[in-house]
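Next comes final38.cif, with mmCIF, N, CA and C atoms.
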```
data_final
loop_
_atom_site.label_atom_id
_atom_site.label_comp_id
_atom_site.auth_asym_id
_atom_site.auth_seq_id
_atom_site.Cartn_x
_atom_site.Cartn_y
_atom_site.Cartn_z
N MET A 53 -36.68 -11.30 -14.32
CA MET A 53 -38.10 -11.59 -14.33
C MET A 53 -38.76 -10.78 -15.43
N LYS A 54 -39.71 -11.42 -16.08
CA LYS A 54 -40.45 -10.77 -17.16
C LYS A 54 -41.82 -10.33 -16.64
N LEU A 55 -42.17 -9.10 -16.95
CA LEU A 55 -43.39 -8.49 -16.40
C LEU A 55 -44.37 -8.12 -17.51
N LEU A 56 -45.66 -8.23 -17.18
CA LEU A 56 -46.74 -7.78 -18.03
C LEU A 56 -47.60 -6.85 -17.19
N LEU A 57 -47.54 -5.56 -17.47
CA LEU A 57 -48.32 -4.58 -16.72
C LEU A 57 -49.68 -4.43 -17.37
N ASP A 58 -50.71 -4.53 -16.58
CA ASP A 58 -52.09 -4.47 -17.05
C ASP A 58 -52.50 -3.02 -17.32
N GLN A 59 -53.62 -2.88 -18.00
CA GLN A 59 -54.08 -1.60 -18.51
C GLN A 59 -54.23 -0.50 -17.46
N GLY A 60 -54.62 -0.78 -16.26
CA GLY A 60 -54.84 0.26 -15.27
C GLY A 60 -53.58 0.92 -14.74
N LEU A 61 -52.43 0.31 -15.00
CA LEU A 61 -51.16 0.86 -14.53
C LEU A 61 -50.62 1.88 -15.53
N PRO A 62 -49.82 2.83 -15.05
CA PRO A 62 -49.23 3.81 -15.98
C PRO A 62 -48.36 3.11 -17.02
N ARG A 63 -48.60 3.42 -18.28
CA ARG A 63 -47.83 2.80 -19.36
C ARG A 63 -46.34 3.11 -19.22
N SER A 64 -46.04 4.32 -18.77
CA SER A 64 -44.63 4.71 -18.65
C SER A 64 -43.90 3.94 -17.55
N ALA A 65 -44.63 3.28 -16.65
CA ALA A 65 -43.97 2.44 -15.64
C ALA A 65 -43.21 1.30 -16.31
N ALA A 66 -43.75 0.76 -17.39
CA ALA A 66 -43.04 -0.30 -18.12
C ALA A 66 -41.73 0.22 -18.69
N SER A 67 -41.75 1.43 -19.24
CA SER A 67 -40.53 2.04 -19.77
C SER A 67 -39.49 2.24 -18.67
N LEU A 68 -39.94 2.71 -17.52
CA LEU A 68 -39.02 2.93 -16.39
C LEU A 68 -38.41 1.61 -15.93
N LEU A 69 -39.21 0.57 -15.89
CA LEU A 69 -38.68 -0.74 -15.50
C LEU A 69 -37.69 -1.28 -16.53
N ARG A 70 -37.96 -1.04 -17.80
CA ARG A 70 -36.99 -1.46 -18.83
C ARG A 70 -35.67 -0.72 -18.69
N GLU A 71 -35.74 0.56 -18.32
CA GLU A 71 -34.52 1.35 -18.15
C GLU A 71 -33.59 0.79 -17.07
N VAL A 72 -34.15 0.08 -16.10
CA VAL A 72 -33.31 -0.50 -15.04
C VAL A 72 -33.10 -2.00 -15.24
N GLY A 73 -33.43 -2.50 -16.44
CA GLY A 73 -33.06 -3.86 -16.80
C GLY A 73 -34.14 -4.92 -16.79
N PHE A 74 -35.37 -4.56 -16.47
CA PHE A 74 -36.44 -5.55 -16.48
C PHE A 74 -37.01 -5.72 -17.88
N ASP A 75 -37.44 -6.91 -18.19
CA ASP A 75 -38.17 -7.19 -19.43
C ASP A 75 -39.64 -6.93 -19.10
N ALA A 76 -40.07 -5.69 -19.33
CA ALA A 76 -41.42 -5.27 -18.95
C ALA A 76 -42.17 -4.73 -20.16
N VAL A 77 -43.41 -5.18 -20.31
CA VAL A 77 -44.29 -4.64 -21.35
C VAL A 77 -45.62 -4.28 -20.71
N HIS A 78 -46.29 -3.34 -21.33
CA HIS A 78 -47.60 -2.90 -20.88
C HIS A 78 -48.61 -3.41 -21.90
N THR A 79 -49.77 -3.85 -21.44
CA THR A 79 -50.77 -4.38 -22.37
C THR A 79 -51.11 -3.39 -23.47
N GLY A 80 -51.08 -2.10 -23.16
CA GLY A 80 -51.38 -1.08 -24.16
C GLY A 80 -50.31 -0.96 -25.23
N GLU A 81 -49.09 -1.38 -24.94
CA GLU A 81 -48.00 -1.31 -25.91
C GLU A 81 -48.06 -2.44 -26.94
N ILE A 82 -48.74 -3.51 -26.59
CA ILE A 82 -48.69 -4.71 -27.44
C ILE A 82 -50.07 -5.10 -27.99
N GLY A 83 -51.01 -4.16 -27.95
CA GLY A 83 -52.32 -4.41 -28.54
C GLY A 83 -53.28 -5.20 -27.67
N TYR A 84 -53.04 -5.26 -26.37
CA TYR A 84 -53.91 -6.02 -25.46
C TYR A 84 -54.66 -5.11 -24.49
N ALA A 85 -54.79 -3.84 -24.83
CA ALA A 85 -55.41 -2.86 -23.92
C ALA A 85 -56.84 -3.24 -23.54
N THR A 86 -57.57 -3.84 -24.45
CA THR A 86 -58.96 -4.20 -24.18
C THR A 86 -59.17 -5.72 -24.11
N ALA A 87 -58.08 -6.46 -23.98
CA ALA A 87 -58.18 -7.92 -23.94
C ALA A 87 -58.84 -8.39 -22.66
N GLU A 88 -59.55 -9.48 -22.76
CA GLU A 88 -60.16 -10.13 -21.59
C GLU A 88 -59.04 -10.62 -20.66
N ASP A 89 -59.36 -10.67 -19.38
CA ASP A 89 -58.36 -11.10 -18.39
C ASP A 89 -57.84 -12.51 -18.69
N ALA A 90 -58.70 -13.41 -19.13
CA ALA A 90 -58.27 -14.77 -19.43
C ALA A 90 -57.25 -14.79 -20.57
N VAL A 91 -57.40 -13.90 -21.53
CA VAL A 91 -56.45 -13.80 -22.64
C VAL A 91 -55.11 -13.27 -22.14
N ILE A 92 -55.16 -12.32 -21.23
CA ILE A 92 -53.93 -11.77 -20.65
C ILE A 92 -53.21 -12.84 -19.83
N ILE A 93 -53.96 -13.65 -19.10
CA ILE A 93 -53.36 -14.76 -18.35
C ILE A 93 -52.65 -15.72 -19.30
N GLU A 94 -53.30 -16.07 -20.38
CA GLU A 94 -52.68 -16.99 -21.35
C GLU A 94 -51.41 -16.40 -21.95
N LEU A 95 -51.44 -15.11 -22.29
CA LEU A 95 -50.26 -14.44 -22.82
C LEU A 95 -49.12 -14.48 -21.79
N ALA A 96 -49.43 -14.14 -20.55
CA ALA A 96 -48.41 -14.15 -19.50
C ALA A 96 -47.85 -15.56 -19.30
N ARG A 97 -48.70 -16.54 -19.32
CA ARG A 97 -48.25 -17.93 -19.15
C ARG A 97 -47.34 -18.34 -20.32
N ARG A 98 -47.77 -18.03 -21.52
CA ARG A 98 -47.01 -18.41 -22.72
C ARG A 98 -45.64 -17.73 -22.73
N GLU A 99 -45.59 -16.45 -22.32
CA GLU A 99 -44.33 -15.71 -22.35
C GLU A 99 -43.59 -15.73 -21.01
N GLU A 100 -44.12 -16.51 -20.06
CA GLU A 100 -43.53 -16.65 -18.72
C GLU A 100 -43.34 -15.29 -18.06
N ARG A 101 -44.43 -14.49 -18.05
CA ARG A 101 -44.42 -13.16 -17.46
C ARG A 101 -45.24 -13.14 -16.18
N ILE A 102 -44.90 -12.22 -15.31
CA ILE A 102 -45.64 -11.96 -14.09
C ILE A 102 -46.62 -10.84 -14.40
N ILE A 103 -47.87 -11.02 -14.07
CA ILE A 103 -48.87 -9.98 -14.29
C ILE A 103 -48.84 -9.02 -13.12
N VAL A 104 -48.81 -7.73 -13.43
CA VAL A 104 -48.93 -6.69 -12.41
C VAL A 104 -50.20 -5.92 -12.76
N THR A 105 -51.12 -5.82 -11.80
CA THR A 105 -52.45 -5.30 -12.10
C THR A 105 -53.06 -4.58 -10.91
N LEU A 106 -54.15 -3.89 -11.18
CA LEU A 106 -54.99 -3.32 -10.13
C LEU A 106 -56.25 -4.17 -9.94
N ASP A 107 -56.43 -5.15 -10.79
CA ASP A 107 -57.67 -5.89 -10.96
C ASP A 107 -57.70 -7.19 -10.13
N ALA A 108 -58.74 -7.37 -9.33
CA ALA A 108 -58.89 -8.59 -8.51
C ALA A 108 -59.33 -9.80 -9.33
N ASP A 109 -59.81 -9.58 -10.54
CA ASP A 109 -60.32 -10.68 -11.34
C ASP A 109 -59.27 -11.74 -11.66
N PHE A 110 -58.01 -11.35 -11.76
CA PHE A 110 -56.97 -12.33 -12.07
C PHE A 110 -56.86 -13.37 -10.95
N HIS A 111 -56.94 -12.93 -9.70
CA HIS A 111 -56.90 -13.87 -8.58
C HIS A 111 -58.08 -14.84 -8.67
N ALA A 112 -59.25 -14.30 -8.96
CA ALA A 112 -60.46 -15.14 -9.04
C ALA A 112 -60.35 -16.16 -10.17
N LEU A 113 -59.85 -15.74 -11.33
CA LEU A 113 -59.69 -16.67 -12.45
C LEU A 113 -58.71 -17.78 -12.12
N LEU A 114 -57.62 -17.43 -11.45
CA LEU A 114 -56.65 -18.46 -11.07
C LEU A 114 -57.22 -19.41 -10.02
N ALA A 115 -58.01 -18.88 -9.10
CA ALA A 115 -58.65 -19.74 -8.10
C ALA A 115 -59.61 -20.72 -8.77
N HIS A 116 -60.37 -20.23 -9.72
CA HIS A 116 -61.34 -21.08 -10.41
C HIS A 116 -60.65 -22.16 -11.25
N SER A 117 -59.55 -21.80 -11.91
CA SER A 117 -58.88 -22.74 -12.81
C SER A 117 -57.98 -23.74 -12.08
N GLY A 118 -57.45 -23.34 -10.92
CA GLY A 118 -56.51 -24.21 -10.22
C GLY A 118 -55.12 -24.22 -10.84
N ASP A 119 -54.86 -23.27 -11.76
CA ASP A 119 -53.57 -23.21 -12.44
C ASP A 119 -52.45 -22.81 -11.48
N ILE A 120 -51.22 -23.17 -11.86
CA ILE A 120 -50.06 -22.86 -11.04
C ILE A 120 -49.25 -21.68 -11.59
N SER A 121 -49.71 -21.09 -12.65
CA SER A 121 -49.06 -19.90 -13.22
C SER A 121 -50.10 -19.14 -14.04
N PRO A 122 -49.85 -17.88 -14.27
CA PRO A 122 -48.70 -17.07 -13.93
C PRO A 122 -48.85 -16.45 -12.54
N SER A 123 -47.74 -15.98 -12.00
CA SER A 123 -47.81 -15.21 -10.76
C SER A 123 -48.48 -13.88 -11.06
N VAL A 124 -49.18 -13.35 -10.06
CA VAL A 124 -49.90 -12.08 -10.22
C VAL A 124 -49.60 -11.20 -9.02
N ILE A 125 -49.27 -9.95 -9.30
CA ILE A 125 -49.09 -8.94 -8.26
C ILE A 125 -50.23 -7.94 -8.43
N ARG A 126 -51.10 -7.87 -7.44
CA ARG A 126 -52.21 -6.92 -7.47
C ARG A 126 -51.87 -5.74 -6.56
N ILE A 127 -51.84 -4.55 -7.14
CA ILE A 127 -51.54 -3.34 -6.40
C ILE A 127 -52.86 -2.70 -5.96
N ARG A 128 -53.01 -2.50 -4.66
CA ARG A 128 -54.21 -1.85 -4.12
C ARG A 128 -53.84 -0.54 -3.44
N ILE A 129 -53.03 0.23 -4.13
CA ILE A 129 -52.63 1.55 -3.66
C ILE A 129 -53.04 2.53 -4.75
N GLU A 130 -53.87 3.47 -4.40
CA GLU A 130 -54.44 4.36 -5.41
C GLU A 130 -53.50 5.50 -5.79
N ARG A 131 -53.66 5.93 -7.02
CA ARG A 131 -53.04 7.14 -7.57
C ARG A 131 -51.52 7.15 -7.55
N LEU A 132 -50.89 6.02 -7.74
CA LEU A 132 -49.43 6.00 -7.82
C LEU A 132 -49.01 6.47 -9.21
N ARG A 133 -48.09 7.39 -9.25
CA ARG A 133 -47.52 7.83 -10.53
C ARG A 133 -46.54 6.76 -11.02
N ALA A 134 -46.14 6.88 -12.26
CA ALA A 134 -45.30 5.87 -12.89
C ALA A 134 -44.02 5.60 -12.11
N GLU A 135 -43.36 6.63 -11.66
CA GLU A 135 -42.10 6.46 -10.94
C GLU A 135 -42.31 5.69 -9.63
N ALA A 136 -43.33 6.07 -8.89
CA ALA A 136 -43.61 5.38 -7.63
C ALA A 136 -44.05 3.94 -7.88
N MET A 137 -44.82 3.72 -8.95
CA MET A 137 -45.25 2.36 -9.30
C MET A 137 -44.05 1.50 -9.65
N ALA A 138 -43.16 2.02 -10.49
CA ALA A 138 -41.97 1.26 -10.89
C ALA A 138 -41.09 0.94 -9.67
N ASP A 139 -40.93 1.92 -8.78
CA ASP A 139 -40.14 1.68 -7.56
C ASP A 139 -40.78 0.60 -6.69
N LEU A 140 -42.10 0.68 -6.52
CA LEU A 140 -42.82 -0.32 -5.72
C LEU A 140 -42.66 -1.71 -6.32
N ILE A 141 -42.82 -1.82 -7.63
CA ILE A 141 -42.69 -3.12 -8.30
C ILE A 141 -41.30 -3.68 -8.10
N GLN A 142 -40.28 -2.85 -8.23
CA GLN A 142 -38.90 -3.31 -8.02
C GLN A 142 -38.70 -3.83 -6.60
N ARG A 143 -39.23 -3.11 -5.61
CA ARG A 143 -39.10 -3.56 -4.21
C ARG A 143 -39.80 -4.89 -3.99
N ILE A 144 -41.00 -5.03 -4.54
CA ILE A 144 -41.75 -6.28 -4.39
C ILE A 144 -40.97 -7.44 -5.01
N LEU A 145 -40.47 -7.23 -6.22
CA LEU A 145 -39.73 -8.30 -6.89
C LEU A 145 -38.47 -8.68 -6.12
N SER A 146 -37.82 -7.71 -5.54
CA SER A 146 -36.62 -7.97 -4.75
C SER A 146 -36.94 -8.74 -3.47
N ASP A 147 -37.99 -8.32 -2.78
CA ASP A 147 -38.33 -8.92 -1.48
C ASP A 147 -39.06 -10.26 -1.59
N TRP A 148 -39.74 -10.50 -2.70
CA TRP A 148 -40.60 -11.69 -2.82
C TRP A 148 -40.18 -12.61 -3.97
N THR A 149 -38.93 -12.53 -4.39
CA THR A 149 -38.45 -13.31 -5.53
C THR A 149 -38.75 -14.79 -5.40
N ASP A 150 -38.40 -15.38 -4.27
CA ASP A 150 -38.57 -16.83 -4.10
C ASP A 150 -40.02 -17.26 -4.27
N GLU A 151 -40.92 -16.52 -3.68
CA GLU A 151 -42.35 -16.86 -3.78
C GLU A 151 -42.87 -16.65 -5.20
N ILE A 152 -42.45 -15.57 -5.83
CA ILE A 152 -42.95 -15.24 -7.17
C ILE A 152 -42.52 -16.28 -8.20
N VAL A 153 -41.27 -16.73 -8.13
CA VAL A 153 -40.81 -17.70 -9.13
C VAL A 153 -41.48 -19.06 -8.94
N LYS A 154 -41.99 -19.36 -7.76
CA LYS A 154 -42.68 -20.62 -7.51
C LYS A 154 -44.14 -20.58 -7.94
N GLY A 155 -44.67 -19.39 -8.19
CA GLY A 155 -46.09 -19.24 -8.54
C GLY A 155 -46.88 -18.77 -7.34
N THR A 156 -47.24 -17.50 -7.35
CA THR A 156 -47.95 -16.92 -6.22
C THR A 156 -48.82 -15.76 -6.68
N VAL A 157 -49.78 -15.41 -5.86
CA VAL A 157 -50.52 -14.18 -6.04
C VAL A 157 -50.25 -13.31 -4.83
N LEU A 158 -49.89 -12.06 -5.10
CA LEU A 158 -49.62 -11.09 -4.05
C LEU A 158 -50.64 -9.98 -4.13
N THR A 159 -51.08 -9.52 -2.99
CA THR A 159 -51.93 -8.34 -2.91
C THR A 159 -51.19 -7.31 -2.09
N VAL A 160 -50.93 -6.16 -2.70
CA VAL A 160 -50.12 -5.12 -2.08
C VAL A 160 -51.03 -3.96 -1.67
N GLN A 161 -51.05 -3.69 -0.37
CA GLN A 161 -51.81 -2.59 0.19
C GLN A 161 -50.85 -1.69 0.95
N PRO A 162 -51.26 -0.46 1.27
CA PRO A 162 -50.36 0.39 2.05
C PRO A 162 -49.94 -0.31 3.35
N GLY A 163 -48.64 -0.52 3.52
CA GLY A 163 -48.12 -1.12 4.74
C GLY A 163 -48.34 -2.61 4.90
N ARG A 164 -48.81 -3.29 3.86
CA ARG A 164 -49.13 -4.71 4.01
C ARG A 164 -49.08 -5.43 2.66
N ILE A 165 -48.53 -6.65 2.68
CA ILE A 165 -48.55 -7.51 1.49
C ILE A 165 -49.05 -8.87 1.93
N ARG A 166 -50.07 -9.35 1.23
CA ARG A 166 -50.58 -10.71 1.47
C ARG A 166 -50.21 -11.56 0.27
N PHE A 167 -49.91 -12.84 0.51
CA PHE A 167 -49.61 -13.72 -0.62
C PHE A 167 -50.18 -15.10 -0.38
N ARG A 168 -50.44 -15.75 -1.49
CA ARG A 168 -50.88 -17.15 -1.48
C ARG A 168 -50.19 -17.87 -2.62
N GLN A 169 -49.67 -19.04 -2.33
CA GLN A 169 -49.04 -19.85 -3.36
C GLN A 169 -50.10 -20.42 -4.30
N LEU A 170 -49.72 -20.56 -5.56
CA LEU A 170 -50.57 -21.23 -6.52
C LEU A 170 -50.33 -22.73 -6.44
N PRO A 171 -51.31 -23.56 -6.67
CA PRO A 171 -52.66 -23.23 -7.12
C PRO A 171 -53.54 -22.75 -5.96
N LEU A 172 -54.41 -21.83 -6.30
CA LEU A 172 -55.42 -21.37 -5.36
C LEU A 172 -56.61 -22.33 -5.46
N ARG A 173 -57.34 -22.41 -4.40
CA ARG A 173 -58.55 -23.23 -4.42
C ARG A 173 -59.72 -22.32 -4.15
N SER A 174 -60.71 -22.34 -5.02
CA SER A 174 -61.89 -21.52 -4.77
C SER A 174 -62.71 -22.19 -3.68
N LYS A 175 -63.41 -21.39 -2.91
CA LYS A 175 -64.23 -21.92 -1.83
C LYS A 175 -65.56 -22.41 -2.41
N THR A 176 -65.99 -23.54 -1.92
CA THR A 176 -67.31 -24.03 -2.31
C THR A 176 -68.18 -24.09 -1.06
N TYR A 177 -69.42 -23.78 -1.24
CA TYR A 177 -70.33 -23.76 -0.10
C TYR A 177 -71.47 -24.72 -0.34
#
```

Entire entry expressed as structure tokens:
Amino acid sequence: MKLLLDQGLPRSAASLLREVGFDAVHTGEIGYATAEDAVIIELARREERIIVTLDADFHALLAHSGDISPSVIRIRIERLRAEAMADLIQRILSDWTDEIVKGTVLTVQPGRIRFRQLPLRSKTY
């Protein structure tokens, strides 16, 4: 699986993931540190990468667009160091492979993971 780690995550987590065989890049390594979320989504889609982020906006953009990719993993656990982040990402990818390859958004909280298959539908009132 190919990963795109968003700006809020430790840059060194991408290096740690590469050391264990993942194709992982951090937005800061490739000149996308200040890119808009929609641009990051397009990059991930084009390169068939899974976005790993702290940002809820990716879920909202996918809900609004109705797109079926890319998969997004949103981490809602504060202050994880690079090693703990890389370990968490590896566990998520191992446990949720089938859902991730089909197109999904995951929200990871302490002791809980929620997921929804893509496409998401935004609520209208």

Measure the distance from atom C of A:Phe167 to atom C of A:Met137 in Å and round it to one decimal.
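Rounded to one decimal, the two atoms are 20.0 Å apart.
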
Picked residues, the PyMOL selection byres ((chain A and resi 65) around 7), as a list in words:
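With the PyMOL selection byres ((chain A and resi 65) around 7) on this model, the match is Leu61, Pro62, Arg63, Ser64, Ala66, Ser67, Leu68, Leu69, Arg70, Arg133, Ala134, Glu135, Met137 and Ala138 of chain A.
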
Report the residues of chain A whose backbone DSSP state falls under helix (DSSP H, G or I), written as a VMD selection string.
chain A and resid 63 to 71 79 to 81 89 to 99 109 to 117 134 to 147 149 to 154

Nearest to A:Leu158: which of A:Ile103, A:Leu56, A:Ala90, A:Ile125 is it, counting all atoms listed in the file?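 Looking only at the distances to A:Leu158, the closest residue turns out to be A:Ile125.
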
Once the PyMOL selection byres (((chain A and resi 153 and name CA) around 10) and name CA) has been applied to the shown file, what residues remain in the selection, as a list in words? Met53, Ile102, Ser121, Pro122, Ser123, Leu145, Trp148, Thr149, Asp150, Glu151, Ile152, Lys154, Gly155 and Thr156 of chain A

Could you please take those selected residues and save N, CA and C atoms as a PDB file, keeping the file's coordinate frame?
```
ATOM      1  N   MET A  53     -36.680 -11.300 -14.320  1.00  0.00           N
ATOM      2  CA  MET A  53     -38.100 -11.590 -14.330  1.00  0.00           C
ATOM      3  C   MET A  53     -38.760 -10.780 -15.430  1.00  0.00           C
ATOM      4  N   ILE A 102     -44.900 -12.220 -15.310  1.00  0.00           N
ATOM      5  CA  ILE A 102     -45.640 -11.960 -14.090  1.00  0.00           C
ATOM      6  C   ILE A 102     -46.620 -10.840 -14.400  1.00  0.00           C
ATOM      7  N   SER A 121     -49.710 -21.090 -12.650  1.00  0.00           N
ATOM      8  CA  SER A 121     -49.060 -19.900 -13.220  1.00  0.00           C
ATOM      9  C   SER A 121     -50.100 -19.140 -14.040  1.00  0.00           C
ATOM     10  N   PRO A 122     -49.850 -17.880 -14.270  1.00  0.00           N
ATOM     11  CA  PRO A 122     -48.700 -17.070 -13.930  1.00  0.00           C
ATOM     12  C   PRO A 122     -48.850 -16.450 -12.540  1.00  0.00           C
ATOM     13  N   SER A 123     -47.740 -15.980 -12.000  1.00  0.00           N
ATOM     14  CA  SER A 123     -47.810 -15.210 -10.760  1.00  0.00           C
ATOM     15  C   SER A 123     -48.480 -13.880 -11.060  1.00  0.00           C
ATOM     16  N   LEU A 145     -40.470  -7.230  -6.220  1.00  0.00           N
ATOM     17  CA  LEU A 145     -39.730  -8.300  -6.890  1.00  0.00           C
ATOM     18  C   LEU A 145     -38.470  -8.680  -6.120  1.00  0.00           C
ATOM     19  N   TRP A 148     -39.740 -10.500  -2.700  1.00  0.00           N
ATOM     20  CA  TRP A 148     -40.600 -11.690  -2.820  1.00  0.00           C
ATOM     21  C   TRP A 148     -40.180 -12.610  -3.970  1.00  0.00           C
ATOM     22  N   THR A 149     -38.930 -12.530  -4.390  1.00  0.00           N
ATOM     23  CA  THR A 149     -38.450 -13.310  -5.530  1.00  0.00           C
ATOM     24  C   THR A 149     -38.750 -14.790  -5.400  1.00  0.00           C
ATOM     25  N   ASP A 150     -38.400 -15.380  -4.270  1.00  0.00           N
ATOM     26  CA  ASP A 150     -38.570 -16.830  -4.100  1.00  0.00           C
ATOM     27  C   ASP A 150     -40.020 -17.260  -4.270  1.00  0.00           C
ATOM     28  N   GLU A 151     -40.920 -16.520  -3.680  1.00  0.00           N
ATOM     29  CA  GLU A 151     -42.350 -16.860  -3.780  1.00  0.00           C
ATOM     30  C   GLU A 151     -42.870 -16.650  -5.200  1.00  0.00           C
ATOM     31  N   ILE A 152     -42.450 -15.570  -5.830  1.00  0.00           N
ATOM     32  CA  ILE A 152     -42.950 -15.240  -7.170  1.00  0.00           C
ATOM     33  C   ILE A 152     -42.520 -16.280  -8.200  1.00  0.00           C
ATOM     34  N   LYS A 154     -41.990 -19.360  -7.760  1.00  0.00           N
ATOM     35  CA  LYS A 154     -42.680 -20.620  -7.510  1.00  0.00           C
ATOM     36  C   LYS A 154     -44.140 -20.580  -7.940  1.00  0.00           C
ATOM     37  N   GLY A 155     -44.670 -19.390  -8.190  1.00  0.00           N
ATOM     38  CA  GLY A 155     -46.090 -19.240  -8.540  1.00  0.00           C
ATOM     39  C   GLY A 155     -46.880 -18.770  -7.340  1.00  0.00           C
ATOM     40  N   THR A 156     -47.240 -17.500  -7.350  1.00  0.00           N
ATOM     41  CA  THR A 156     -47.950 -16.920  -6.220  1.00  0.00           C
ATOM     42  C   THR A 156     -48.820 -15.760  -6.680  1.00  0.00           C
TER      43      THR A 156
END
```

re atom CA of A:Arg128 and atom CA of A:Gln161: distance 5.0 Å

Scan for residues within 8 Å of the point (-51.6, -21.0, -13.1) in the coordinates of the file, using all atoms listed in the file, and reply as a VMD selection string.
chain A and resid 97 113 to 115 117 to 123 155 170 to 172

Computed gap from atom N of A:Gly60 to atom N of A:Ser146 is 21.1 Å

Need the shell around A:Glu100: protein/DNA/RNA residues with any atom at most 6 Å away, counting only N, CA and C atoms. Skip same-chain ones fewer than 4 positions apart. Format as a short mmCIF file (atom, residue, chain, number, x, y, z; two decimals) with N, CA and C atoms, in the coordinates of the input?
```
data_model
loop_
_atom_site.label_atom_id
_atom_site.label_comp_id
_atom_site.auth_asym_id
_atom_site.auth_seq_id
_atom_site.Cartn_x
_atom_site.Cartn_y
_atom_site.Cartn_z
N LYS A 54 -39.71 -11.42 -16.08
CA LYS A 54 -40.45 -10.77 -17.16
C LYS A 54 -41.82 -10.33 -16.64
N LEU A 95 -51.44 -15.11 -22.29
CA LEU A 95 -50.26 -14.44 -22.82
C LEU A 95 -49.12 -14.48 -21.79
N ALA A 96 -49.43 -14.14 -20.55
CA ALA A 96 -48.41 -14.15 -19.50
C ALA A 96 -47.85 -15.56 -19.30
#
```

*asked:* Taking the file as I've supplied it (selection: the PyMOL selection byres ((chain A and resi 107) around 8)), which residues are included? Please answer as a ChimeraX atom specification.
replied: /A:58,60-61,104-106,108-112,125-128

Residues flagged strand (DSSP E or B) by DSSP in stretch 69-152 of chain A, as a list in words |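 So the strand (DSSP E or B) residues in stretch 69-152 of chain A would be Asp75, Ala76, Val77, His78, Arg101, Ile102, Ile103, Val104, Thr105, Val124, Ile125, Arg126 and Ile127 of chain A.
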